[in-house]
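To keep things clear, I will list the structure first and then write my remarks on it.
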Amino acid sequence: MSQHHSASIDRHMCLAAIDISRNIEREYEIYAAIDLFGAVVVDYHWGRRGTKGQGRRRSFGDNKAASKFVNALLRRRSTAKKRIGVAYRFNR
């Protein structure tokens with residue numbers, strides 16, 4: 001493994017936006033880790049609570065690029081209050 005990777009990239013975040021009175025129950029999950037080839041892989045999944053939802057995977061050559069991508073995902077979630085009327089909160 002190259003020296004610019006660090007084992008500390010392993011991160012798992014779960015977020016939820018819930019307002020039962022408005023029938024809003026959304027979840028967003030982000031998992032970042034180093035794969036066997038030394039690339040940083042970011043898996044992210046979203047959807048209504050209790051359903052399979054959707055997901056995507058992105059691969060990056062270094063921690064900096066992966067962190068920038070994860071921060072962009074989190075910035076987008078931070079605008080949920082304006083977009084859907086309910087803020088995402090860290091879950092678990």
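Order determines the names: the first chain of the structure tokens is A, the second B, and so forth; residues in each chain are numbered 1 upward, and ligands are numbered 1 upward as they are shown.
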
Item to check | All alpha helix (DSSP H) residues (DSSP, backbone) inside chain A, as a PyMOL selection string | outcome: chain A and resi 63-77+80-84

N, CA and C atoms of the current selection, written as a PDB file, in the first residue's frame:
ATOM      1  N   ASN A  63      -6.743   9.797  -0.242  1.00  0.00           N
ATOM      2  CA  ASN A  63      -7.658  10.193   0.830  1.00  0.00           C
ATOM      3  C   ASN A  63      -8.232  11.587   0.614  1.00  0.00           C
ATOM      4  N   LYS A  64      -7.404  12.502   0.114  1.00  0.00           N
ATOM      5  CA  LYS A  64      -7.841  13.886  -0.048  1.00  0.00           C
ATOM      6  C   LYS A  64      -9.025  13.986  -1.004  1.00  0.00           C
ATOM      7  N   ALA A  65      -8.936  13.305  -2.142  1.00  0.00           N
ATOM      8  CA  ALA A  65     -10.027  13.338  -3.116  1.00  0.00           C
ATOM      9  C   ALA A  65     -11.280  12.677  -2.552  1.00  0.00           C
ATOM     10  N   ALA A  66     -11.118  11.574  -1.852  1.00  0.00           N
ATOM     11  CA  ALA A  66     -12.265  10.880  -1.257  1.00  0.00           C
ATOM     12  C   ALA A  66     -12.917  11.745  -0.185  1.00  0.00           C
ATOM     13  N   SER A  67     -12.112  12.378   0.649  1.00  0.00           N
ATOM     14  CA  SER A  67     -12.648  13.250   1.702  1.00  0.00           C
ATOM     15  C   SER A  67     -13.401  14.430   1.100  1.00  0.00           C
ATOM     16  N   LYS A  68     -12.887  14.983   0.035  1.00  0.00           N
ATOM     17  CA  LYS A  68     -13.554  16.097  -0.642  1.00  0.00           C
ATOM     18  C   LYS A  68     -14.922  15.648  -1.160  1.00  0.00           C
ATOM     19  N   PHE A  69     -14.995  14.453  -1.720  1.00  0.00           N
ATOM     20  CA  PHE A  69     -16.252  13.918  -2.225  1.00  0.00           C
ATOM     21  C   PHE A  69     -17.245  13.678  -1.081  1.00  0.00           C
ATOM     22  N   VAL A  70     -16.782  13.066   0.010  1.00  0.00           N
ATOM     23  CA  VAL A  70     -17.664  12.812   1.167  1.00  0.00           C
ATOM     24  C   VAL A  70     -18.166  14.134   1.733  1.00  0.00           C
ATOM     25  N   ASN A  71     -17.307  15.130   1.831  1.00  0.00           N
ATOM     26  CA  ASN A  71     -17.733  16.441   2.328  1.00  0.00           C
ATOM     27  C   ASN A  71     -18.788  17.065   1.427  1.00  0.00           C
ATOM     28  N   ALA A  72     -18.666  16.872   0.113  1.00  0.00           N
ATOM     29  CA  ALA A  72     -19.675  17.384  -0.824  1.00  0.00           C
ATOM     30  C   ALA A  72     -21.016  16.679  -0.598  1.00  0.00           C
ATOM     31  N   LEU A  73     -20.976  15.357  -0.370  1.00  0.00           N
ATOM     32  CA  LEU A  73     -22.214  14.624  -0.074  1.00  0.00           C
ATOM     33  C   LEU A  73     -22.863  15.171   1.197  1.00  0.00           C
ATOM     34  N   LEU A  74     -22.071  15.404   2.230  1.00  0.00           N
ATOM     35  CA  LEU A  74     -22.597  15.917   3.493  1.00  0.00           C
ATOM     36  C   LEU A  74     -23.123  17.349   3.356  1.00  0.00           C
ATOM     37  N   ARG A  75     -22.450  18.170   2.539  1.00  0.00           N
ATOM     38  CA  ARG A  75     -22.947  19.540   2.296  1.00  0.00           C
ATOM     39  C   ARG A  75     -24.325  19.496   1.652  1.00  0.00           C
ATOM     40  N   ARG A  76     -24.501  18.581   0.703  1.00  0.00           N
ATOM     41  CA  ARG A  76     -25.799  18.455   0.032  1.00  0.00           C
ATOM     42  C   ARG A  76     -26.878  18.030   1.037  1.00  0.00           C
ATOM     43  N   ARG A  77     -26.553  17.107   1.916  1.00  0.00           N
ATOM     44  CA  ARG A  77     -27.519  16.677   2.932  1.00  0.00           C
ATOM     45  C   ARG A  77     -27.855  17.828   3.874  1.00  0.00           C
ATOM     46  N   ALA A  80     -31.073  19.869   3.203  1.00  0.00           N
ATOM     47  CA  ALA A  80     -32.356  19.154   3.175  1.00  0.00           C
ATOM     48  C   ALA A  80     -33.484  19.970   3.808  1.00  0.00           C
ATOM     49  N   LYS A  81     -33.199  20.714   4.843  1.00  0.00           N
ATOM     50  CA  LYS A  81     -34.244  21.508   5.514  1.00  0.00           C
ATOM     51  C   LYS A  81     -34.927  22.433   4.515  1.00  0.00           C
ATOM     52  N   LYS A  82     -34.158  23.062   3.636  1.00  0.00           N
ATOM     53  CA  LYS A  82     -34.728  23.947   2.606  1.00  0.00           C
ATOM     54  C   LYS A  82     -35.464  23.151   1.533  1.00  0.00           C
ATOM     55  N   ARG A  83     -34.882  22.011   1.147  1.00  0.00           N
ATOM     56  CA  ARG A  83     -35.421  21.246   0.026  1.00  0.00           C
ATOM     57  C   ARG A  83     -36.631  20.400   0.382  1.00  0.00           C
ATOM     58  N   ILE A  84     -36.576  19.669   1.505  1.00  0.00           N
ATOM     59  CA  ILE A  84     -37.666  18.750   1.843  1.00  0.00           C
ATOM     60  C   ILE A  84     -38.372  19.118   3.145  1.00  0.00           C
TER      61      ILE A  84
END

Checklist entry - Could you pull out all residues of chain A with a DSSP call of strand (DSSP E) and give them as a ChimeraX atom specification? => result /A:11-19,24-34,40-48,54-60,89-90

Item to check | Coordinates-based distance that separates atom CA of Lys52 of chain A from atom CA of Asp35 of chain A (Å, one decimal) | outcome: 23.9 Å

Item to check | Counting only C-alpha atoms, the option among A:Arg48, A:Phe60, A:Ala17, A:His12 closest to Thr79 of chain A | outcome: A:Ala17

Next on the checklist: With distances taken over only C-alpha atoms, which residue among A:Cys14, A:Ser78, A:Val86, A:Asp62 lies nearest Val40 of chain A?
Outcome noted: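 Between A:Cys14, A:Ser78, A:Val86, A:Asp62, the residue approaching Val40 of chain A most closely is A:Asp62.
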
Checklist entry - Near Ala32 of chain A, counting only C-alpha atoms, which residues have an atom at most 6 Å away, once you skip same-chain residues fewer than 3 positions from it, shown as a list of chain:residue names? => result A:Asp10, A:Arg11, A:Val41, A:Val42

Item to check | Long-range neighbours of Gly53 of chain A as a ChimeraX atom specification, 12 Å cut-off, only C-alpha atoms, 2 positions minimum in chain | outcome: /A:25-29,44-51,55-56

Could you write those residues out with all heavy atoms, as a compact mmCIF listing (two decimals), in the first residue's frame?
# COMPACT_ATOMS: atom_id res chain seq x y z
N GLU A 25 -39.52 9.84 5.77
CA GLU A 25 -38.61 8.95 6.49
C GLU A 25 -37.49 8.55 5.52
O GLU A 25 -37.59 7.56 4.83
CB GLU A 25 -39.33 7.70 6.97
CG GLU A 25 -40.38 7.94 8.02
CD GLU A 25 -40.95 6.64 8.53
OE1 GLU A 25 -40.18 5.85 9.13
OE2 GLU A 25 -42.15 6.43 8.31
N ARG A 26 -36.44 9.35 5.48
CA ARG A 26 -35.34 9.10 4.56
C ARG A 26 -34.06 8.76 5.31
O ARG A 26 -33.81 9.27 6.39
CB ARG A 26 -35.08 10.32 3.69
CG ARG A 26 -36.24 10.69 2.81
CD ARG A 26 -35.92 11.86 1.95
NE ARG A 26 -37.07 12.24 1.16
CZ ARG A 26 -37.05 13.17 0.24
NH1 ARG A 26 -35.94 13.82 -0.01
NH2 ARG A 26 -38.13 13.45 -0.44
N GLU A 27 -33.27 7.89 4.69
CA GLU A 27 -31.97 7.53 5.26
C GLU A 27 -30.88 7.74 4.21
O GLU A 27 -31.14 7.59 3.00
CB GLU A 27 -31.95 6.08 5.73
CG GLU A 27 -32.80 5.84 6.94
CD GLU A 27 -32.66 4.43 7.47
OE1 GLU A 27 -32.52 3.49 6.67
OE2 GLU A 27 -32.71 4.28 8.69
N TYR A 28 -29.70 8.05 4.68
CA TYR A 28 -28.55 8.25 3.81
C TYR A 28 -27.35 7.64 4.52
O TYR A 28 -27.12 7.94 5.70
CB TYR A 28 -28.31 9.75 3.57
CG TYR A 28 -27.57 10.05 2.31
CD1 TYR A 28 -28.24 10.24 1.11
CD2 TYR A 28 -26.18 10.16 2.30
CE1 TYR A 28 -27.56 10.54 -0.05
CE2 TYR A 28 -25.50 10.44 1.14
CZ TYR A 28 -26.20 10.63 -0.04
OH TYR A 28 -25.52 10.91 -1.20
N GLU A 29 -26.62 6.78 3.85
CA GLU A 29 -25.50 6.08 4.47
C GLU A 29 -24.26 6.23 3.60
O GLU A 29 -24.32 6.09 2.38
CB GLU A 29 -25.86 4.61 4.62
CG GLU A 29 -24.87 3.79 5.37
CD GLU A 29 -25.37 2.38 5.62
OE1 GLU A 29 -26.38 1.97 5.04
OE2 GLU A 29 -24.71 1.69 6.41
N TYR A 44 -22.18 4.90 -1.15
CA TYR A 44 -23.23 5.71 -0.53
C TYR A 44 -24.59 5.21 -1.02
O TYR A 44 -24.77 4.83 -2.16
CB TYR A 44 -23.03 7.20 -0.75
CG TYR A 44 -22.87 7.67 -2.18
CD1 TYR A 44 -23.85 8.44 -2.79
CD2 TYR A 44 -21.72 7.38 -2.91
CE1 TYR A 44 -23.71 8.89 -4.09
CE2 TYR A 44 -21.56 7.83 -4.20
CZ TYR A 44 -22.56 8.59 -4.79
OH TYR A 44 -22.42 9.02 -6.08
N HIS A 45 -25.53 5.16 -0.07
CA HIS A 45 -26.87 4.61 -0.31
C HIS A 45 -27.90 5.56 0.27
O HIS A 45 -27.66 6.18 1.30
CB HIS A 45 -27.01 3.24 0.36
CG HIS A 45 -25.98 2.26 -0.09
ND1 HIS A 45 -26.14 1.48 -1.20
CD2 HIS A 45 -24.76 1.97 0.40
CE1 HIS A 45 -25.07 0.74 -1.37
NE2 HIS A 45 -24.20 1.02 -0.40
N TRP A 46 -29.05 5.63 -0.38
CA TRP A 46 -30.11 6.51 0.09
C TRP A 46 -31.46 5.92 -0.26
O TRP A 46 -31.57 5.08 -1.13
CB TRP A 46 -29.96 7.91 -0.51
CG TRP A 46 -30.14 7.92 -2.00
CD1 TRP A 46 -31.30 8.16 -2.69
CD2 TRP A 46 -29.15 7.67 -2.99
NE1 TRP A 46 -31.08 8.07 -4.04
CE2 TRP A 46 -29.76 7.77 -4.26
CE3 TRP A 46 -27.79 7.36 -2.94
CZ2 TRP A 46 -29.07 7.59 -5.44
CZ3 TRP A 46 -27.11 7.17 -4.13
CH2 TRP A 46 -27.75 7.29 -5.36
N GLY A 47 -32.47 6.39 0.44
CA GLY A 47 -33.82 5.96 0.15
C GLY A 47 -34.73 6.08 1.35
O GLY A 47 -34.33 6.50 2.43
N ARG A 48 -35.96 5.67 1.14
CA ARG A 48 -36.95 5.66 2.21
C ARG A 48 -36.59 4.59 3.22
O ARG A 48 -36.15 3.51 2.86
CB ARG A 48 -38.34 5.41 1.64
CG ARG A 48 -39.43 5.50 2.67
CD ARG A 48 -40.78 5.59 2.00
NE ARG A 48 -41.83 5.56 2.99
CZ ARG A 48 -42.27 6.60 3.67
NH1 ARG A 48 -41.74 7.79 3.45
NH2 ARG A 48 -43.23 6.50 4.56
N ARG A 49 -36.75 4.90 4.48
CA ARG A 49 -36.46 3.95 5.56
C ARG A 49 -37.22 2.65 5.34
O ARG A 49 -38.39 2.66 4.99
CB ARG A 49 -36.91 4.54 6.88
CG ARG A 49 -35.81 4.94 7.76
CD ARG A 49 -36.39 5.63 8.96
NE ARG A 49 -35.94 4.89 10.13
CZ ARG A 49 -36.31 5.17 11.34
NH1 ARG A 49 -37.17 6.12 11.57
NH2 ARG A 49 -35.82 4.48 12.33
N GLY A 50 -36.52 1.54 5.53
CA GLY A 50 -37.15 0.24 5.42
C GLY A 50 -37.21 -0.32 4.01
O GLY A 50 -37.73 -1.40 3.79
N THR A 51 -36.66 0.42 3.03
CA THR A 51 -36.63 -0.07 1.65
C THR A 51 -35.18 -0.29 1.23
O THR A 51 -34.25 0.15 1.89
CB THR A 51 -37.28 0.93 0.67
OG1 THR A 51 -36.48 2.12 0.62
CG2 THR A 51 -38.70 1.28 1.09
N GLY A 55 -28.07 3.09 -4.54
CA GLY A 55 -26.70 3.27 -4.09
C GLY A 55 -25.73 3.43 -5.24
O GLY A 55 -26.03 3.07 -6.38
N ARG A 56 -24.59 3.97 -4.90
CA ARG A 56 -23.51 4.15 -5.87
C ARG A 56 -22.18 3.93 -5.17
O ARG A 56 -22.07 4.02 -3.96
CB ARG A 56 -23.53 5.54 -6.47
CG ARG A 56 -24.74 5.79 -7.33
CD ARG A 56 -24.49 6.88 -8.31
NE ARG A 56 -25.67 7.00 -9.15
CZ ARG A 56 -26.20 8.13 -9.53
NH1 ARG A 56 -25.67 9.26 -9.16
NH2 ARG A 56 -27.25 8.14 -10.32

Next on the checklist: Please compute the atom CA of Met13 of chain A-atom CA of Gly38 of chain A distance, one decimal, in Å.
Outcome noted: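 Interatomic distance here is 21.2 Å.
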